[in-house]
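As provided, my_file25.pdb (PDB, C-alpha atoms, pLDDT in the B column) reads as follows.
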```pdb
MODEL        1
ATOM      1  CA  MET I   1    -116.668  48.584 -25.548  1.00 39.00           C
ATOM      2  CA  PRO I   2    -115.654  51.408 -27.953  1.00 51.00           C
ATOM      3  CA  LYS I   3    -112.332  51.101 -29.762  1.00 63.00           C
ATOM      4  CA  SER I   4    -109.611  53.304 -28.277  1.00 67.00           C
ATOM      5  CA  THR I   5    -108.170  55.997 -30.541  1.00 81.00           C
ATOM      6  CA  ARG I   6    -105.384  58.533 -30.220  1.00 92.00           C
ATOM      7  CA  GLY I   7    -107.802  61.336 -31.074  1.00 97.00           C
ATOM      8  CA  GLN I   8    -109.864  62.725 -33.924  1.00 98.00           C
ATOM      9  CA  ILE I   9    -109.488  64.217 -37.352  1.00 98.00           C
ATOM     10  CA  ILE I  10    -112.475  66.529 -37.763  1.00 98.00           C
ATOM     11  CA  LEU I  11    -113.314  67.618 -41.306  1.00 98.00           C
ATOM     12  CA  ALA I  12    -115.514  70.579 -42.098  1.00 98.00           C
ATOM     13  CA  VAL I  13    -117.767  69.696 -45.047  1.00 98.00           C
ATOM     14  CA  GLY I  14    -119.684  72.444 -46.804  1.00 98.00           C
ATOM     15  CA  LEU I  15    -119.995  74.902 -49.635  1.00 97.00           C
ATOM     16  CA  PRO I  16    -118.127  78.200 -49.699  1.00 95.00           C
ATOM     17  CA  GLY I  17    -120.170  80.637 -47.618  1.00 95.00           C
ATOM     18  CA  SER I  18    -121.698  77.910 -45.456  1.00 96.00           C
ATOM     19  CA  GLY I  19    -119.963  79.232 -42.333  1.00 95.00           C
ATOM     20  CA  LYS I  20    -117.023  76.852 -41.853  1.00 97.00           C
ATOM     21  CA  SER I  21    -114.323  79.431 -41.067  1.00 94.00           C
ATOM     22  CA  THR I  22    -116.724  81.504 -38.965  1.00 94.00           C
ATOM     23  CA  TYR I  23    -117.674  78.404 -36.963  1.00 96.00           C
ATOM     24  CA  PHE I  24    -114.044  77.704 -36.106  1.00 97.00           C
ATOM     25  CA  ALA I  25    -113.172  81.349 -35.400  1.00 96.00           C
ATOM     26  CA  ARG I  26    -116.109  81.797 -33.007  1.00 96.00           C
ATOM     27  CA  ARG I  27    -114.958  78.772 -31.033  1.00 96.00           C
ATOM     28  CA  GLY I  28    -111.276  79.741 -30.920  1.00 97.00           C
ATOM     29  CA  ILE I  29    -110.304  76.729 -33.031  1.00 97.00           C
ATOM     30  CA  HIS I  30    -107.302  77.084 -35.357  1.00 97.00           C
ATOM     31  CA  PRO I  31    -107.802  74.455 -38.059  1.00 98.00           C
ATOM     32  CA  LEU I  32    -105.517  73.491 -40.878  1.00 98.00           C
ATOM     33  CA  SER I  33    -107.095  75.555 -43.643  1.00 97.00           C
ATOM     34  CA  SER I  34    -106.861  75.342 -47.429  1.00 95.00           C
ATOM     35  CA  ASP I  35    -107.297  79.140 -47.599  1.00 92.00           C
ATOM     36  CA  THR I  36    -104.370  79.623 -45.215  1.00 95.00           C
ATOM     37  CA  MET I  37    -102.245  77.200 -47.255  1.00 94.00           C
ATOM     38  CA  ARG I  38    -103.010  79.241 -50.396  1.00 93.00           C
ATOM     39  CA  LEU I  39    -102.091  82.441 -48.604  1.00 93.00           C
ATOM     40  CA  TRP I  40     -98.811  80.989 -47.321  1.00 95.00           C
ATOM     41  CA  LEU I  41     -97.834  79.300 -50.583  1.00 93.00           C
ATOM     42  CA  LEU I  42     -99.285  81.664 -53.204  1.00 92.00           C
ATOM     43  CA  ASP I  43     -99.713  84.970 -51.302  1.00 91.00           C
ATOM     44  CA  ASP I  44    -103.406  84.866 -52.227  1.00 86.00           C
ATOM     45  CA  GLU I  45    -106.067  82.791 -50.456  1.00 83.00           C
ATOM     46  CA  THR I  46    -108.293  82.942 -53.547  1.00 78.00           C
ATOM     47  CA  ASP I  47    -105.693  81.524 -55.984  1.00 78.00           C
ATOM     48  CA  GLN I  48    -107.061  78.174 -57.174  1.00 82.00           C
ATOM     49  CA  HIS I  49    -103.910  77.178 -59.087  1.00 86.00           C
ATOM     50  CA  TYR I  50    -101.635  74.467 -57.735  1.00 90.00           C
ATOM     51  CA  GLN I  51    -104.408  72.705 -55.797  1.00 91.00           C
ATOM     52  CA  PRO I  52    -102.375  69.467 -55.528  1.00 93.00           C
ATOM     53  CA  TRP I  53     -99.587  71.439 -53.797  1.00 94.00           C
ATOM     54  CA  VAL I  54    -102.016  73.252 -51.514  1.00 95.00           C
ATOM     55  CA  PHE I  55    -103.731  70.069 -50.338  1.00 96.00           C
ATOM     56  CA  GLY I  56    -100.495  68.083 -50.310  1.00 96.00           C
ATOM     57  CA  THR I  57     -99.065  70.680 -47.914  1.00 97.00           C
ATOM     58  CA  LEU I  58    -102.202  70.606 -45.778  1.00 97.00           C
ATOM     59  CA  ARG I  59    -102.058  66.805 -45.511  1.00 97.00           C
ATOM     60  CA  TYR I  60     -98.308  66.930 -44.791  1.00 98.00           C
ATOM     61  CA  LEU I  61     -98.987  69.238 -41.842  1.00 98.00           C
ATOM     62  CA  MET I  62    -101.791  66.910 -40.704  1.00 98.00           C
ATOM     63  CA  ASP I  63     -99.347  63.999 -40.873  1.00 98.00           C
ATOM     64  CA  ILE I  64     -96.942  65.897 -38.595  1.00 98.00           C
ATOM     65  CA  ARG I  65     -99.721  66.714 -36.109  1.00 98.00           C
ATOM     66  CA  LEU I  66    -100.710  63.038 -35.994  1.00 98.00           C
ATOM     67  CA  ARG I  67     -97.082  61.961 -35.503  1.00 97.00           C
ATOM     68  CA  PHE I  68     -96.922  64.397 -32.572  1.00 97.00           C
ATOM     69  CA  GLY I  69    -100.064  62.789 -31.145  1.00 97.00           C
ATOM     70  CA  ARG I  70    -102.218  65.933 -31.216  1.00 97.00           C
ATOM     71  CA  PRO I  71    -105.652  64.799 -29.985  1.00 97.00           C
ATOM     72  CA  ARG I  72    -107.967  67.080 -32.021  1.00 98.00           C
ATOM     73  CA  ASN I  73    -107.137  67.943 -35.621  1.00 98.00           C
ATOM     74  CA  TYR I  74    -109.497  70.169 -37.594  1.00 98.00           C
ATOM     75  CA  VAL I  75    -109.526  70.751 -41.361  1.00 98.00           C
ATOM     76  CA  ASP I  76    -111.217  73.846 -42.784  1.00 97.00           C
ATOM     77  CA  ALA I  77    -111.808  73.116 -46.467  1.00 96.00           C
ATOM     78  CA  THR I  78    -114.895  72.313 -48.513  1.00 96.00           C
ATOM     79  CA  ASN I  79    -114.233  68.513 -48.500  1.00 98.00           C
ATOM     80  CA  LEU I  80    -117.222  68.129 -50.804  1.00 98.00           C
ATOM     81  CA  SER I  81    -116.781  64.556 -52.038  1.00 97.00           C
ATOM     82  CA  ARG I  82    -115.776  61.176 -50.680  1.00 97.00           C
ATOM     83  CA  ARG I  83    -112.760  61.316 -53.008  1.00 97.00           C
ATOM     84  CA  GLU I  84    -111.584  64.575 -51.391  1.00 97.00           C
ATOM     85  CA  ARG I  85    -112.076  63.138 -47.897  1.00 98.00           C
ATOM     86  CA  ARG I  86    -110.415  59.758 -48.565  1.00 97.00           C
ATOM     87  CA  PRO I  87    -106.795  60.873 -47.864  1.00 97.00           C
ATOM     88  CA  TYR I  88    -107.777  61.884 -44.332  1.00 98.00           C
ATOM     89  CA  PHE I  89    -109.297  58.449 -43.726  1.00 98.00           C
ATOM     90  CA  ARG I  90    -105.982  56.894 -44.786  1.00 97.00           C
ATOM     91  CA  LEU I  91    -104.077  59.127 -42.341  1.00 98.00           C
ATOM     92  CA  ALA I  92    -106.562  58.332 -39.571  1.00 98.00           C
ATOM     93  CA  ALA I  93    -106.154  54.593 -40.138  1.00 97.00           C
ATOM     94  CA  GLN I  94    -102.358  54.868 -40.294  1.00 97.00           C
ATOM     95  CA  TYR I  95    -102.113  56.665 -36.950  1.00 97.00           C
ATOM     96  CA  GLY I  96    -105.094  55.226 -35.090  1.00 97.00           C
ATOM     97  CA  TYR I  97    -107.356  58.292 -35.185  1.00 98.00           C
ATOM     98  CA  GLU I  98    -111.147  58.511 -35.436  1.00 98.00           C
ATOM     99  CA  MET I  99    -112.777  60.436 -38.285  1.00 98.00           C
ATOM    100  CA  GLN I 100    -115.478  62.983 -37.532  1.00 98.00           C
ATOM    101  CA  ALA I 101    -117.248  65.530 -39.717  1.00 98.00           C
ATOM    102  CA  ILE I 102    -118.927  68.848 -39.179  1.00 98.00           C
ATOM    103  CA  PHE I 103    -121.442  69.109 -42.013  1.00 98.00           C
ATOM    104  CA  PHE I 104    -122.625  72.619 -42.845  1.00 98.00           C
ATOM    105  CA  ASP I 105    -126.113  71.867 -44.152  1.00 97.00           C
ATOM    106  CA  VAL I 106    -126.791  75.361 -45.447  1.00 97.00           C
ATOM    107  CA  PRO I 107    -128.999  75.974 -48.516  1.00 96.00           C
ATOM    108  CA  ALA I 108    -127.077  76.904 -51.663  1.00 96.00           C
ATOM    109  CA  THR I 109    -129.120  80.115 -51.939  1.00 95.00           C
ATOM    110  CA  VAL I 110    -127.875  81.218 -48.505  1.00 96.00           C
ATOM    111  CA  CYS I 111    -124.276  80.321 -49.413  1.00 96.00           C
ATOM    112  CA  ARG I 112    -124.549  82.289 -52.677  1.00 96.00           C
ATOM    113  CA  GLU I 113    -125.884  85.358 -50.868  1.00 95.00           C
ATOM    114  CA  ARG I 114    -123.108  85.178 -48.269  1.00 95.00           C
ATOM    115  CA  ASN I 115    -120.581  84.692 -51.076  1.00 92.00           C
ATOM    116  CA  ARG I 116    -121.750  87.919 -52.734  1.00 92.00           C
ATOM    117  CA  ARG I 117    -121.045  89.797 -49.465  1.00 92.00           C
ATOM    118  CA  ARG I 118    -117.537  88.371 -48.999  1.00 86.00           C
ATOM    119  CA  HIS I 119    -114.313  90.179 -49.735  1.00 82.00           C
ATOM    120  CA  ARG I 120    -113.079  87.031 -51.521  1.00 80.00           C
ATOM    121  CA  GLN I 121    -115.854  85.775 -53.734  1.00 86.00           C
ATOM    122  CA  VAL I 122    -116.056  82.387 -55.383  1.00 89.00           C
ATOM    123  CA  PRO I 123    -117.124  82.797 -59.031  1.00 89.00           C
ATOM    124  CA  GLU I 124    -120.745  81.797 -59.708  1.00 91.00           C
ATOM    125  CA  GLU I 125    -119.700  79.054 -62.174  1.00 92.00           C
ATOM    126  CA  ALA I 126    -117.443  77.530 -59.531  1.00 91.00           C
ATOM    127  CA  MET I 127    -120.283  77.667 -56.978  1.00 94.00           C
ATOM    128  CA  ASP I 128    -122.513  75.820 -59.483  1.00 96.00           C
ATOM    129  CA  ARG I 129    -119.904  73.054 -59.851  1.00 95.00           C
ATOM    130  CA  MET I 130    -119.458  72.786 -56.106  1.00 96.00           C
ATOM    131  CA  VAL I 131    -123.196  72.545 -55.442  1.00 97.00           C
ATOM    132  CA  ARG I 132    -123.367  69.606 -57.872  1.00 97.00           C
ATOM    133  CA  LYS I 133    -120.293  67.978 -56.314  1.00 97.00           C
ATOM    134  CA  LEU I 134    -121.407  68.190 -52.652  1.00 98.00           C
ATOM    135  CA  LYS I 135    -122.024  64.780 -51.086  1.00 98.00           C
ATOM    136  CA  PRO I 136    -122.919  64.951 -47.383  1.00 98.00           C
ATOM    137  CA  PRO I 137    -120.740  62.829 -45.102  1.00 98.00           C
ATOM    138  CA  THR I 138    -122.226  59.556 -43.840  1.00 97.00           C
ATOM    139  CA  LEU I 139    -121.541  57.054 -41.104  1.00 97.00           C
ATOM    140  CA  GLU I 140    -121.264  54.414 -43.855  1.00 97.00           C
ATOM    141  CA  GLU I 141    -118.360  56.385 -45.307  1.00 98.00           C
ATOM    142  CA  GLY I 142    -116.536  55.747 -42.041  1.00 97.00           C
ATOM    143  CA  PHE I 143    -117.228  58.797 -39.900  1.00 98.00           C
ATOM    144  CA  ALA I 144    -117.636  57.928 -36.222  1.00 97.00           C
ATOM    145  CA  LYS I 145    -119.582  61.141 -35.593  1.00 97.00           C
ATOM    146  CA  ILE I 146    -121.225  63.764 -37.793  1.00 98.00           C
ATOM    147  CA  THR I 147    -122.254  67.122 -36.356  1.00 97.00           C
ATOM    148  CA  VAL I 148    -124.739  69.050 -38.505  1.00 97.00           C
ATOM    149  CA  VAL I 149    -124.708  72.855 -38.526  1.00 96.00           C
ATOM    150  CA  ARG I 150    -127.585  74.723 -40.175  1.00 94.00           C
ATOM    151  CA  ALA I 151    -128.248  78.351 -41.073  1.00 86.00           C
ATOM    152  CA  ARG I 152    -130.442  80.458 -38.834  1.00 77.00           C
ATOM    153  CA  LYS I 153    -134.110  80.049 -39.628  1.00 61.00           C
ATOM    154  CA  ALA I 154    -134.457  83.809 -40.052  1.00 49.00           C
ATOM    155  CA  GLU I 155    -131.688  83.784 -42.643  1.00 55.00           C
ATOM    156  CA  VAL I 156    -133.310  80.968 -44.608  1.00 51.00           C
ATOM    157  CA  ARG I 157    -136.722  82.714 -44.452  1.00 51.00           C
ATOM    158  CA  SER I 158    -135.199  85.971 -45.656  1.00 44.00           C
ATOM    159  CA  GLN I 159    -133.668  84.140 -48.613  1.00 45.00           C
ATOM    160  CA  LYS I 160    -137.010  82.563 -49.502  1.00 50.00           C
ATOM    161  CA  SER I 161    -138.873  85.850 -49.285  1.00 44.00           C
ATOM    162  CA  GLY I 162    -136.123  87.810 -51.020  1.00 45.00           C
ATOM    163  CA  VAL I 163    -135.917  90.206 -48.071  1.00 38.00           C
ATOM    164  CA  ARG I 164    -132.522  90.755 -46.489  1.00 38.00           C
ATOM    165  CA  ARG I 165    -132.679  91.246 -42.750  1.00 36.00           C
ATOM    166  CA  LYS I 166    -129.816  92.562 -40.701  1.00 34.00           C
ATOM    167  CA  THR I 167    -130.559  90.034 -37.936  1.00 35.00           C
ATOM    168  CA  ALA I 168    -129.896  87.242 -40.391  1.00 36.00           C
ATOM    169  CA  ALA I 169    -126.313  88.242 -41.235  1.00 40.00           C
ATOM    170  CA  GLY I 170    -124.476  85.514 -39.293  1.00 45.00           C
ATOM    171  CA  PRO I 171    -124.241  81.840 -40.125  1.00 45.00           C
ATOM    172  CA  PHE I 172    -125.466  80.689 -36.719  1.00 42.00           C
TER     173      PHE I 172
ENDMDL
END
```
Could you render the structure from this file as structure tokens?
Amino acid sequence: MPKSTRGQIILAVGLPGSGKSTYFARRGIHPLSSDTMRLWLLDDETDQHYQPWVFGTLRYLMDIRLRFGRPRNYVDATNLSRRERRPYFRLAAQYGYEMQAIFFDVPATVCRERNRRRHRQVPEEAMDRMVRKLKPPTLEEGFAKITVVRARKAEVRSQKSGVRRKTAAGPF
């Protein structure tokens, strides 16, 4: 018989440009977002200073949601490494929540192309670091469920051929 939980903490895991925010927006989900925290705290969602404050605030708000017993709790951030995901596992254990992940398994070339079309671009050097840092979530890490989201085949083909197609503009 499965263990009873109060709900789920659902982490998005993926590179910038992999479609995390778009995924949530298209489904009407309002996640706790590192970009939103930066906007609220620093008046600029691209400001990468004060990361400990940004993520401390995000986790503080998650803590409040868990105290209130909110059943589904989404986090929109890159969450690239086990180290970055570990604080959410601690919160889940403390409050009796299950950990789930939505892994955006999108090729780095697709993410880089999308990044170039964004109004808020991640610098290429930062993208390089993030690509090296990305560790996909695993069940062994403690996730009860991992949903994998991939880019459209047409978008991946257009990246391989170097041809940009209008039909391949979206992440899904």
Exactly which residues make up the result of the PyMOL selection byres ((chain I and resi 8-11) around 9) on this file, given as a count of residues only?
30
Sel. within 12 Å of pt (-108.7, 72.4, -47.7), counting all atoms listed in the file, output as number ranges by chain:
I: 11-16, 20-21, 31-38, 45, 48, 51-59, 61-62, 74-80, 84-85, 87-88
With the PyMOL selection byres ((chain I and resi 117-121) around 9) as the selection, what would be picked from this file? Answer as a PDB file with C-alpha atoms, in the coordinates of the input, please.
```
ATOM      1  CA  PRO I  16    -118.127  78.200 -49.699  1.00 95.00           C
ATOM      2  CA  GLY I  17    -120.170  80.637 -47.618  1.00 95.00           C
ATOM      3  CA  GLU I  45    -106.067  82.791 -50.456  1.00 83.00           C
ATOM      4  CA  THR I  46    -108.293  82.942 -53.547  1.00 78.00           C
ATOM      5  CA  ARG I 112    -124.549  82.289 -52.677  1.00 96.00           C
ATOM      6  CA  GLU I 113    -125.884  85.358 -50.868  1.00 95.00           C
ATOM      7  CA  ARG I 114    -123.108  85.178 -48.269  1.00 95.00           C
ATOM      8  CA  ASN I 115    -120.581  84.692 -51.076  1.00 92.00           C
ATOM      9  CA  ARG I 116    -121.750  87.919 -52.734  1.00 92.00           C
ATOM     10  CA  VAL I 122    -116.056  82.387 -55.383  1.00 89.00           C
ATOM     11  CA  PRO I 123    -117.124  82.797 -59.031  1.00 89.00           C
ATOM     12  CA  GLU I 124    -120.745  81.797 -59.708  1.00 91.00           C
TER      13      GLU I 124
END
```
Between I:Arg150, I:Ser81, I:His49, I:Trp40, which has the minimum distance to Gly19 of chain I (counting all atoms listed in the file)?
I:Arg150
Selected residue, from I:Thr22, I:Val149, I:Arg65, I:Cys111, that lies nearest to Asp128 of chain I when counting only C-alpha atoms
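Once distances to Asp128 of chain I are computed over only C-alpha atoms, the minimum belongs to I:Cys111.
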